[in-house]
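**Q** This is final.csv (CSV, C-alpha atoms and all ligand atoms).
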```
chain,number,residue,atom,x,y,z
A,15,MET,CA,159.1,72.0,114.1
A,16,THR,CA,156.1,70.8,116.2
A,17,GLU,CA,158.1,71.5,119.4
A,18,GLN,CA,158.8,75.0,117.9
A,19,LEU,CA,155.1,75.4,117.2
A,20,GLU,CA,154.2,74.4,120.8
A,21,LYS,CA,156.6,77.0,122.0
A,22,LEU,CA,155.1,79.6,119.7
A,23,ASN,CA,151.6,78.7,121.0
A,24,ARG,CA,152.7,79.3,124.6
A,25,LEU,CA,153.5,83.0,123.7
A,26,PRO,CA,150.7,85.6,124.2
A,27,LEU,CA,150.4,85.9,120.4
A,28,ARG,CA,147.4,87.8,118.9
A,29,ASP,CA,144.5,85.5,118.5
A,30,ASP,CA,144.2,86.2,114.8
A,31,LEU,CA,147.9,85.2,114.2
A,32,ARG,CA,147.6,81.8,116.0
A,33,GLY,CA,148.1,78.9,113.6
A,34,LEU,CA,149.4,81.0,110.7
A,35,THR,CA,152.5,80.1,108.8
A,36,PRO,CA,154.8,82.8,107.3
A,37,TYR,CA,154.1,83.8,103.7
A,38,GLY,CA,156.8,83.2,101.1
A,39,ALA,CA,157.5,81.2,97.9
A,40,PRO,CA,160.1,78.5,98.4
A,41,GLN,CA,163.6,79.9,98.1
A,42,LEU,CA,165.4,76.8,96.6
A,43,ASP,CA,168.9,76.5,95.4
A,44,VAL,CA,168.1,75.9,91.7
A,45,PRO,CA,170.0,77.1,88.7
A,46,ILE,CA,167.1,78.6,86.8
A,47,LEU,CA,164.8,80.6,89.0
A,48,LEU,CA,161.5,81.5,87.2
A,49,ASN,CA,159.2,81.5,90.2
A,50,VAL,CA,158.9,85.0,91.8
A,51,ASN,CA,159.0,87.3,88.7
A,52,GLU,CA,162.4,88.7,89.5
A,53,ASN,CA,164.2,90.4,86.6
A,54,THR,CA,166.2,87.5,85.3
A,55,HIS,CA,168.6,89.7,83.3
A,56,GLY,CA,170.5,91.3,86.3
A,57,LEU,CA,172.1,94.7,86.6
A,58,PRO,CA,174.5,96.0,83.8
A,59,GLN,CA,178.0,96.5,85.1
A,60,GLU,CA,177.9,100.3,84.7
A,61,VAL,CA,174.9,100.4,87.0
A,62,GLN,CA,176.5,98.1,89.5
A,63,ASP,CA,179.5,100.5,89.6
A,64,ALA,CA,177.3,103.6,89.9
A,65,ILE,CA,175.5,102.0,92.9
A,66,THR,CA,178.7,100.9,94.6
A,67,ALA,CA,180.1,104.5,94.3
A,68,SER,CA,176.9,106.0,95.6
A,69,VAL,CA,176.7,103.7,98.5
A,70,GLN,CA,180.4,104.3,99.3
A,71,ARG,CA,179.6,108.1,99.5
A,72,ALA,CA,176.7,107.3,101.8
A,73,VAL,CA,178.8,105.2,104.1
A,74,SER,CA,180.8,108.2,105.4
A,75,GLY,CA,177.6,109.7,106.8
A,76,LEU,CA,176.1,106.6,108.3
A,77,ASN,CA,176.6,107.9,111.9
A,78,ARG,CA,173.7,110.3,111.0
A,79,TYR,CA,170.1,109.4,110.4
A,80,PRO,CA,169.1,109.6,106.7
A,81,ASP,CA,167.0,112.3,105.1
A,82,ARG,CA,163.6,111.4,106.5
A,83,GLU,CA,161.9,113.0,103.5
A,84,PHE,CA,164.2,111.2,101.0
A,85,THR,CA,163.9,114.4,98.9
A,86,GLU,CA,166.4,113.5,96.2
A,87,LEU,CA,164.8,110.1,95.7
A,88,ARG,CA,161.3,111.6,95.4
A,89,THR,CA,162.6,114.2,93.0
A,90,ARG,CA,164.1,111.4,90.8
A,91,LEU,CA,161.0,109.2,91.0
A,92,ALA,CA,158.8,112.1,90.0
A,93,GLY,CA,161.1,112.8,87.1
A,94,TYR,CA,161.0,109.1,86.1
A,95,LEU,CA,157.2,108.8,86.2
A,96,GLY,CA,156.6,112.1,84.3
A,97,HIS,CA,152.8,112.8,83.9
A,98,GLY,CA,153.4,116.3,85.4
A,99,LEU,CA,154.0,114.7,88.9
A,100,GLY,CA,156.0,116.6,91.5
A,101,ILE,CA,157.9,115.6,94.6
A,102,GLU,CA,154.7,116.2,96.7
A,103,ASN,CA,152.9,113.4,94.8
A,104,ILE,CA,155.5,110.8,95.6
A,105,TRP,CA,156.0,108.4,98.5
A,106,ALA,CA,158.3,105.4,98.9
A,107,GLY,CA,159.1,102.5,101.2
A,108,ASN,CA,161.1,99.4,101.6
A,109,GLY,CA,159.4,97.6,98.7
A,110,SER,CA,155.9,98.3,97.5
A,111,ASN,CA,154.7,95.8,100.1
A,112,GLU,CA,155.7,98.3,102.8
A,113,VAL,CA,154.0,101.1,100.9
A,114,LEU,CA,150.8,99.0,100.6
A,115,GLN,CA,151.0,98.2,104.3
A,116,GLN,CA,151.3,101.9,105.1
A,117,ILE,CA,148.2,102.6,103.0
A,118,LEU,CA,146.3,100.0,105.0
A,119,GLN,CA,147.6,101.5,108.3
A,120,ALA,CA,146.4,104.9,107.3
A,121,PHE,CA,143.1,104.1,105.6
A,122,GLY,CA,142.3,100.6,106.8
A,123,GLY,CA,142.4,99.0,110.2
A,124,PRO,CA,139.8,97.6,112.6
A,125,GLY,CA,136.2,98.2,111.5
A,126,ARG,CA,137.3,98.9,107.9
A,127,THR,CA,137.3,96.7,104.8
A,128,ALA,CA,139.7,96.1,101.9
A,129,MET,CA,138.5,94.4,98.7
A,130,SER,CA,140.3,92.8,95.8
A,131,PHE,CA,139.4,90.5,92.9
A,132,PRO,CA,141.2,87.1,93.1
A,133,PRO,CA,143.1,85.5,91.6
A,134,THR,CA,145.4,88.5,92.4
A,135,TYR,CA,148.4,89.3,94.4
A,136,SER,CA,148.5,87.0,97.5
A,137,MET,CA,150.0,89.7,99.7
A,138,TYR,CA,146.7,91.8,99.8
A,139,PRO,CA,144.9,89.5,102.3
A,140,LEU,CA,148.0,89.2,104.4
A,141,LEU,CA,148.6,92.9,104.6
A,142,ALA,CA,144.9,93.3,105.5
A,143,SER,CA,145.2,90.7,108.2
A,144,GLY,CA,148.4,92.2,109.6
A,145,THR,CA,146.7,95.6,110.0
A,146,GLY,CA,143.4,94.2,111.3
A,147,THR,CA,141.5,95.2,108.2
A,148,ARG,CA,138.6,93.0,107.1
A,149,TYR,CA,139.2,91.5,103.6
A,150,VAL,CA,136.5,90.8,101.1
A,151,THR,CA,136.8,89.4,97.6
A,152,GLY,CA,135.0,90.1,94.4
A,153,ASP,CA,134.6,87.7,91.4
A,154,ARG,CA,136.2,87.7,88.0
A,155,ALA,CA,134.8,86.1,84.8
A,156,ALA,CA,135.7,82.4,84.2
A,157,ASP,CA,138.7,83.5,82.1
A,158,PHE,CA,139.9,85.7,85.0
A,159,THR,CA,139.1,88.9,83.2
A,160,LEU,CA,137.3,91.8,85.0
A,161,SER,CA,135.0,94.2,83.2
A,162,ALA,CA,134.3,97.7,84.3
A,163,GLU,CA,130.5,97.0,84.8
A,164,SER,CA,131.1,93.9,86.9
A,165,ALA,CA,133.9,95.5,89.0
A,166,ALA,CA,131.8,98.7,89.7
A,167,GLU,CA,128.7,96.8,90.6
A,168,GLN,CA,130.6,94.6,93.1
A,169,VAL,CA,132.4,97.6,94.6
A,170,ARG,CA,129.0,99.4,95.1
A,171,ALA,CA,127.6,96.3,96.8
A,172,ALA,CA,130.6,95.7,99.1
A,173,ALA,CA,131.1,99.4,99.9
A,174,PRO,CA,134.8,98.9,100.9
A,175,ASN,CA,137.2,101.5,102.3
A,176,ILE,CA,140.0,100.3,100.1
A,177,VAL,CA,140.1,98.5,96.7
A,178,PHE,CA,143.1,96.8,95.3
A,179,LEU,CA,143.3,96.6,91.5
A,180,CYS,CA,146.4,94.9,90.2
A,181,THR,CA,147.4,95.7,86.6
A,182,PRO,CA,149.0,93.9,84.9
A,183,ASN,CA,147.5,91.4,87.3
A,184,ASN,CA,149.6,88.9,89.3
A,185,PRO,CA,149.3,85.9,88.7
A,186,THR,CA,147.4,86.2,85.4
A,187,GLY,CA,149.7,88.8,83.7
A,188,THR,CA,146.7,90.5,82.1
A,189,ALA,CA,146.3,94.3,82.1
A,190,LEU,CA,143.1,96.1,83.0
A,191,GLY,CA,141.7,98.8,80.9
A,192,LEU,CA,141.6,102.3,82.4
A,193,ASP,CA,137.8,102.1,82.1
A,194,VAL,CA,137.9,99.5,84.9
A,195,VAL,CA,139.9,101.9,87.1
A,196,GLU,CA,137.6,104.8,86.4
A,197,ALA,CA,134.4,102.8,87.0
A,198,VAL,CA,135.8,101.4,90.3
A,199,TYR,CA,136.8,104.9,91.4
A,200,GLU,CA,133.3,106.2,90.6
A,201,ALA,CA,131.6,103.2,92.3
A,202,GLY,CA,133.8,103.8,95.4
A,203,THR,CA,132.5,107.4,95.8
A,204,ALA,CA,129.7,106.3,98.1
A,205,SER,CA,132.0,104.5,100.5
A,206,ASP,CA,134.8,107.1,100.1
A,207,ALA,CA,137.1,104.2,98.9
A,208,ILE,CA,140.8,104.6,98.4
A,209,VAL,CA,141.6,102.9,95.1
A,210,ILE,CA,145.0,101.4,94.8
A,211,VAL,CA,146.2,100.5,91.3
A,212,ASP,CA,149.2,98.2,91.7
A,213,GLU,CA,151.3,98.7,88.6
A,214,ALA,CA,154.3,96.6,89.8
A,215,TYR,CA,154.8,95.3,86.2
A,216,ALA,CA,153.8,98.4,84.2
A,217,GLU,CA,157.2,98.7,82.4
A,218,PHE,CA,156.7,95.3,80.8
A,219,SER,CA,153.3,96.2,79.1
A,220,HIS,CA,153.0,96.2,75.4
A,221,ALA,CA,153.5,99.6,73.8
A,222,GLY,CA,150.4,101.7,74.0
A,223,THR,CA,149.1,100.2,77.3
A,224,PRO,CA,148.1,103.3,79.3
A,225,SER,CA,149.0,103.8,83.0
A,226,ALA,CA,146.6,104.8,85.7
A,227,LEU,CA,149.0,107.7,86.3
A,228,GLU,CA,146.9,109.4,83.6
A,229,LEU,CA,143.9,109.3,85.8
A,230,LEU,CA,145.5,110.9,88.9
A,231,PRO,CA,144.5,114.6,88.3
A,232,GLY,CA,141.3,115.4,90.1
A,233,ARG,CA,141.1,112.0,91.8
A,234,GLU,CA,142.3,112.4,95.4
A,235,ARG,CA,141.4,108.8,96.5
A,236,LEU,CA,143.4,107.2,93.7
A,237,ILE,CA,146.9,105.7,94.4
A,238,VAL,CA,149.2,104.2,91.7
A,239,SER,CA,151.8,101.9,93.2
A,240,ARG,CA,155.1,101.0,91.5
A,241,THR,CA,158.3,99.1,92.4
A,242,MET,CA,161.9,99.0,91.5
A,243,SER,CA,161.9,95.2,92.2
A,244,LYS,CA,160.9,94.0,88.7
A,245,ALA,CA,161.7,96.2,85.7
A,246,PHE,CA,164.6,97.9,87.5
A,247,ALA,CA,166.1,94.5,88.6
A,248,LEU,CA,166.4,95.7,92.2
A,249,ALA,CA,164.3,93.2,94.1
A,250,GLY,CA,167.2,92.9,96.6
A,251,ALA,CA,167.4,96.6,97.3
A,252,ARG,CA,163.7,96.9,98.5
A,253,LEU,CA,162.4,100.1,97.0
A,254,GLY,CA,158.7,100.5,96.2
A,255,TYR,CA,156.9,103.8,95.7
A,256,LEU,CA,153.6,105.4,94.8
A,257,ALA,CA,152.1,108.5,93.1
A,258,ALA,CA,149.0,110.1,94.5
A,259,ALA,CA,147.5,113.5,95.6
A,260,PRO,CA,149.8,115.3,98.1
A,261,GLU,CA,147.3,114.8,100.9
A,262,VAL,CA,147.7,111.0,100.5
A,263,THR,CA,151.4,111.2,101.1
A,264,ASP,CA,150.7,113.5,104.1
A,265,ALA,CA,148.5,110.7,105.5
A,266,LEU,CA,151.3,108.2,105.0
A,267,ARG,CA,153.7,110.4,107.0
A,268,LEU,CA,151.4,109.7,110.0
A,269,VAL,CA,152.1,106.0,110.0
A,270,ARG,CA,155.6,105.6,108.6
A,271,LEU,CA,158.4,104.8,111.0
A,272,PRO,CA,160.9,107.7,111.3
A,273,TYR,CA,163.8,107.3,108.9
A,274,HIS,CA,162.2,104.2,107.4
A,275,LEU,CA,164.3,104.5,104.2
A,276,SER,CA,168.0,103.9,105.1
A,277,ALA,CA,170.7,106.1,103.6
A,278,VAL,CA,172.0,102.9,101.9
A,279,THR,CA,168.7,102.3,100.3
A,280,GLN,CA,168.3,105.9,99.2
A,281,ALA,CA,171.9,105.9,97.8
A,282,THR,CA,171.2,102.7,95.9
A,283,ALA,CA,167.9,103.8,94.4
A,284,ASN,CA,169.2,107.3,93.5
A,285,ALA,CA,172.1,105.8,91.6
A,286,ALA,CA,169.8,103.3,89.8
A,287,LEU,CA,167.4,106.1,88.8
A,288,ALA,CA,170.3,108.1,87.4
A,289,HIS,CA,171.0,105.1,85.1
A,290,ALA,CA,167.3,104.2,84.4
A,291,ASP,CA,167.9,103.9,80.7
A,292,ALA,CA,170.6,101.3,81.1
A,293,LEU,CA,168.7,99.4,83.7
A,294,LEU,CA,165.5,99.4,81.6
A,295,ALA,CA,167.4,98.2,78.5
A,296,ASN,CA,166.8,94.6,79.4
A,297,VAL,CA,163.0,95.1,79.7
A,298,GLU,CA,162.6,94.9,75.9
A,299,ASP,CA,164.5,91.5,75.8
A,300,ILE,CA,162.3,90.2,78.6
A,301,LYS,CA,159.2,91.2,76.7
A,302,VAL,CA,160.5,89.2,73.7
A,303,GLN,CA,161.0,86.1,75.9
A,304,ARG,CA,157.5,86.6,77.4
A,305,ASP,CA,155.8,86.8,74.0
A,306,ARG,CA,157.8,83.8,72.9
A,307,ILE,CA,156.6,81.8,75.9
A,308,VAL,CA,153.0,82.7,75.1
A,309,ALA,CA,153.4,81.7,71.4
A,310,GLU,CA,155.2,78.4,72.2
A,311,LEU,CA,152.8,77.4,75.0
A,312,THR,CA,149.9,78.0,72.6
A,313,GLU,CA,151.6,75.7,70.0
A,314,LEU,CA,151.9,73.1,72.8
A,315,GLY,CA,148.1,73.2,73.2
A,316,LEU,CA,148.2,75.0,76.5
A,317,GLN,CA,146.2,78.1,77.3
A,318,PRO,CA,148.4,81.1,78.2
A,319,ALA,CA,146.7,84.2,79.4
A,320,ALA,CA,147.4,87.5,77.6
A,321,SER,CA,150.4,88.9,79.4
A,322,ASP,CA,151.6,92.5,79.8
A,323,ALA,CA,154.0,91.4,82.6
A,324,ASN,CA,157.3,89.6,82.8
A,325,PHE,CA,155.6,86.3,83.4
A,326,VAL,CA,153.0,84.0,81.8
A,327,PHE,CA,150.1,82.3,83.5
A,328,PHE,CA,149.0,79.2,81.6
A,329,GLY,CA,146.1,76.8,81.9
A,330,GLY,CA,145.3,73.5,80.3
A,331,VAL,CA,147.9,71.7,82.4
A,332,GLU,CA,146.5,68.2,83.3
A,333,ASP,CA,148.8,67.6,86.3
A,334,PRO,CA,150.5,70.8,87.5
A,335,LYS,CA,152.2,69.1,90.4
A,336,ARG,CA,153.9,66.6,88.0
A,337,ILE,CA,155.0,69.4,85.6
A,338,TRP,CA,156.3,71.6,88.4
A,339,GLN,CA,158.3,68.7,89.9
A,340,GLY,CA,159.6,67.6,86.5
A,341,LEU,CA,160.8,71.1,85.8
A,342,LEU,CA,162.4,71.3,89.2
A,343,GLU,CA,164.3,68.0,88.6
A,344,ALA,CA,165.7,69.7,85.5
A,345,GLY,CA,166.8,72.7,87.5
A,346,VAL,CA,163.9,75.0,86.5
A,347,LEU,CA,161.8,76.4,89.3
A,348,ILE,CA,158.4,77.9,88.3
A,349,ARG,CA,155.4,78.7,90.5
A,350,ASP,CA,152.3,76.7,91.3
A,351,VAL,CA,149.9,79.4,92.4
A,352,GLY,CA,147.4,76.8,93.6
A,353,ILE,CA,144.9,77.4,90.8
A,354,PRO,CA,143.7,74.0,89.4
A,355,GLY,CA,145.2,73.2,85.9
A,356,HIS,CA,147.4,76.3,85.9
A,357,LEU,CA,151.0,77.3,86.5
A,358,ARG,CA,153.0,80.5,86.2
A,359,VAL,CA,156.5,81.1,84.8
A,360,THR,CA,158.7,84.2,84.8
A,361,ALA,CA,160.3,85.1,81.5
A,362,GLY,CA,164.0,84.2,81.7
A,363,THR,CA,167.0,85.1,79.6
A,364,GLU,CA,166.8,83.5,76.2
A,365,ALA,CA,168.8,80.5,77.4
A,366,GLU,CA,166.7,80.1,80.6
A,367,THR,CA,163.5,80.4,78.6
A,368,THR,CA,164.8,77.7,76.1
A,369,ALA,CA,165.6,75.4,79.0
A,370,PHE,CA,162.1,75.8,80.4
A,371,LEU,CA,160.3,75.3,77.1
A,372,THR,CA,162.5,72.3,76.2
A,373,ARG,CA,161.9,70.5,79.4
A,374,LEU,CA,158.2,71.3,79.4
A,375,ARG,CA,157.9,69.9,75.9
A,376,GLU,CA,159.5,66.7,77.1
A,377,LEU,CA,157.2,66.4,80.1
A,378,LEU,CA,154.2,66.9,78.0
A,379,GLY,CA,155.4,64.2,75.6
A,380,ALA,CA,155.1,66.7,72.8
B,401,LIG,C1,156.4,91.8,93.0
B,401,LIG,C2,155.1,92.5,93.3
B,401,LIG,C3,155.2,93.7,94.0
B,401,LIG,C4,156.5,94.2,94.5
B,401,LIG,O1,156.8,94.0,95.7
B,401,LIG,P1,158.1,94.7,96.4
B,401,LIG,O2,157.8,94.7,97.8
B,401,LIG,O3,158.2,96.1,95.8
B,401,LIG,O4,159.3,93.8,96.0
B,401,LIG,C5,154.0,94.4,94.2
B,401,LIG,N1,152.9,94.0,93.7
B,401,LIG,C6,152.8,92.9,93.0
B,401,LIG,C7,151.5,92.5,92.4
B,401,LIG,C8,153.9,92.1,92.7
B,401,LIG,O5,153.8,91.0,92.0
```
Can you give me the file's structure in the form of structure tokens?

**A**
Amino acid sequence: MTEQLEKLNRLPLRDDLRGLTPYGAPQLDVPILLNVNENTHGLPQEVQDAITASVQRAVSGLNRYPDREFTELRTRLAGYLGHGLGIENIWAGNGSNEVLQQILQAFGGPGRTAMSFPPTYSMYPLLASGTGTRYVTGDRAADFTLSAESAAEQVRAAAPNIVFLCTPNNPTGTALGLDVVEAVYEAGTASDAIVIVDEAYAEFSHAGTPSALELLPGRERLIVSRTMSKAFALAGARLGYLAAAPEVTDALRLVRLPYHLSAVTQATANAALAHADALLANVEDIKVQRDRIVAELTELGLQPAASDANFVFFGGVEDPKRIWQGLLEAGVLIRDVGIPGHLRVTAGTEAETTAFLTRLRELLGA
């Protein structure tokens, strides 16, 4: 590894990439994977069959480049989101990480600043660094919540070009009120800030939690980002998307690679969207397991944050490293997000969730 590192350092690597290690949660071969917020319930057989048939049809045309404008896919995504959105409002990429990167390529870059409010999604600073965008952070309250007044004041002071708001937030799981989004958008007027609302976990929210999609009309600097990786159980297919004003999608056409969405990816996502109801059927069960984790962790004397996502962030853990290791030894992988006294766990199937809770209870001597 050190020899490898020496070889790497001999390359004419960009100065700002020297000494960095690649990002990624450990991919361990463990029976119960509750560490990266994947959909633990998998794809129903009928959806697997529909995807296989759709990909099969695409294969006969693989000698040709795919539809660069992924017209069918954008039509289906607009239909799924509703809110009066049309195909001109939709953009997609290979995972919402790629979509976020394209936003930074178009609106960030050298001399520009992106801002977020940690603890939040750990990819934001990495996407900023990869695109040469300066990254600044704002503060949350001690309980990791973020009020409209505080967020707006900090955005006014930092005058960023881009703001990331993650709701429900990763790693805390807590949703922001739309008042926070509105206040940040207003506060960003002076610096003409693009405001990205990352709603990767929106489908797992409790009934009645509003989406920032509602705020899009009349706000040309607002972008709502979504993904098929979580609720749609398609992390392996790599399909993320956004809704925004048509001029935003036109800006992203300036930086996207030609034919960036393969015909196989488009065929997969189109078939999945045609079966959205079947795919989303497991979301309700995951929400039940999520709420169960919150209730049982509370009984154990731990402090779970309110969660509108498919995972739970909990504090009051005396020795997170010991708990993480003890769970791993029992075949349960969760996430240590590096916040003292805290851990994060993805809601599993009922059996997986039971295994996690049982082992945790033993480790806590409860
Ligand atoms: C998982 C996740 C994503 C999704 O990433 P993909 O590239 O679409 O798989 C985006 N934002 C947040 C906050 C996430 O946790």

**Q** Between A:Gly96, A:Gly33, A:Gly232, A:Gly315, which has the minimum distance to Glu332 of chain A (counting all atoms listed in the file)?

**A**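 Of A:Gly96, A:Gly33, A:Gly232, A:Gly315, the one nearest Glu332 of chain A is A:Gly315, counting all atoms listed in the file.
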
**Q** To one decimal place in Å, what is the distance between atom CA of Asp30 of chain A and atom CA of Tyr149 of chain A?

**A**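 That distance, rounded to one decimal, is 13.4 Å.
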
**Q** Which residues sit within 10 Å of ligand LIG 401 (chain B), counting all atoms listed in the file, listed as a tab-separated table (two decimals) with C-alpha atoms, keeping the file's coordinate frame?

**A**
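Written output follows (out_21.tsv):
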```tsv
chain	number	residue	atom	x	y	z
A	50	VAL	CA	158.90	85.00	91.80
A	51	ASN	CA	159.00	87.30	88.70
A	52	GLU	CA	162.40	88.70	89.50
A	106	ALA	CA	158.30	105.40	98.90
A	107	GLY	CA	159.10	102.50	101.20
A	108	ASN	CA	161.10	99.40	101.60
A	109	GLY	CA	159.40	97.60	98.70
A	110	SER	CA	155.90	98.30	97.50
A	111	ASN	CA	154.70	95.80	100.10
A	112	GLU	CA	155.70	98.30	102.80
A	113	VAL	CA	154.00	101.10	100.90
A	114	LEU	CA	150.80	99.00	100.60
A	134	THR	CA	145.40	88.50	92.40
A	135	TYR	CA	148.40	89.30	94.40
A	136	SER	CA	148.50	87.00	97.50
A	137	MET	CA	150.00	89.70	99.70
A	138	TYR	CA	146.70	91.80	99.80
A	178	PHE	CA	143.10	96.80	95.30
A	179	LEU	CA	143.30	96.60	91.50
A	180	CYS	CA	146.40	94.90	90.20
A	181	THR	CA	147.40	95.70	86.60
A	182	PRO	CA	149.00	93.90	84.90
A	183	ASN	CA	147.50	91.40	87.30
A	184	ASN	CA	149.60	88.90	89.30
A	185	PRO	CA	149.30	85.90	88.70
A	187	GLY	CA	149.70	88.80	83.70
A	211	VAL	CA	146.20	100.50	91.30
A	212	ASP	CA	149.20	98.20	91.70
A	213	GLU	CA	151.30	98.70	88.60
A	214	ALA	CA	154.30	96.60	89.80
A	215	TYR	CA	154.80	95.30	86.20
A	239	SER	CA	151.80	101.90	93.20
A	240	ARG	CA	155.10	101.00	91.50
A	241	THR	CA	158.30	99.10	92.40
A	242	MET	CA	161.90	99.00	91.50
A	243	SER	CA	161.90	95.20	92.20
A	244	LYS	CA	160.90	94.00	88.70
A	248	LEU	CA	166.40	95.70	92.20
A	249	ALA	CA	164.30	93.20	94.10
A	250	GLY	CA	167.20	92.90	96.60
A	251	ALA	CA	167.40	96.60	97.30
A	252	ARG	CA	163.70	96.90	98.50
A	253	LEU	CA	162.40	100.10	97.00
A	254	GLY	CA	158.70	100.50	96.20
A	255	TYR	CA	156.90	103.80	95.70
A	323	ALA	CA	154.00	91.40	82.60
A	324	ASN	CA	157.30	89.60	82.80
A	325	PHE	CA	155.60	86.30	83.40
```

**Q** Of the candidates A:Val169, A:Ala283, A:Leu271, A:Ala216, which one gets nearest to Ala189 of chain A if we count all atoms listed in the file?

**A**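 When distances to Ala189 of chain A are compared using all atoms listed in the file, the smallest one comes from A:Ala216.
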
**Q** Could you check the closest approach to Pro334 of chain A for each of A:Ala281, A:Ala369, A:Ala155, A:Leu378 and tell me which residue wins, using only C-alpha atoms?

**A** A:Leu378

**Q** Within 10 Å of Gly56 of chain A, counting all atoms listed in the file, which residues show up once you throw out same-chain ones fewer than 5 positions away? Write them as a list of chain:residue names, please.

**A** A:Gln62, A:Phe246, A:Ala247, A:Leu248, A:Leu293, A:Asn296, A:Thr363

**Q** Tell me which protein, DNA and RNA residues are within 6 Å of segment 195-208 of chain A, counting all atoms listed in the file, leaving out same-chain ones fewer than 6 positions away, and put them as a tab-separated table (two decimals) with C-alpha atoms, in the coordinates of the input.

**A**
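Output saved as selection-v8.tsv:
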```
chain	number	residue	atom	x	y	z
A	162	ALA	CA	134.30	97.70	84.30
A	166	ALA	CA	131.80	98.70	89.70
A	170	ARG	CA	129.00	99.40	95.10
A	173	ALA	CA	131.10	99.40	99.90
A	175	ASN	CA	137.20	101.50	102.30
A	176	ILE	CA	140.00	100.30	100.10
A	235	ARG	CA	141.40	108.80	96.50
A	236	LEU	CA	143.40	107.20	93.70
```

**Q** Would you mind telling me which residue in A:Ala92, A:Leu42, A:Ile104, A:Ile337 lies nearest to Arg375 of chain A when using all atoms listed in the file?

**A**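 Looking at the shortest contact to Arg375 of chain A, the residue is A:Ile337.
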
**Q** Quick one: pull the distance between atom CA of Gly355 of chain A and atom CA of Lys335 of chain A, Å, one decimal.

**A**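 Distance reported for this atom pair: 9.3 Å.
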
**Q** Go through A:Arg32, A:Leu311, A:Pro58, A:Leu287 one by one, measure the shortest atom-to-atom distance of each to Glu20 of chain A using all atoms listed in the file, and give the residue with the smallest value.

**A** A:Arg32

**Q** Find the residues around Ala288 of chain A up to 9 Å (all atoms listed in the file counted), leave out those fewer than 2 positions away in its own chain, and share them as a PyMOL selection string.

**A** chain A and resi 61+64+90+283-286+290-291

**Q** Quick check, in Å to one decimal: how far apart do atom CA of Phe131 of chain A and atom CA of Gln168 of chain A lie?

**A**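 Distance between the two atoms: 9.7 Å.
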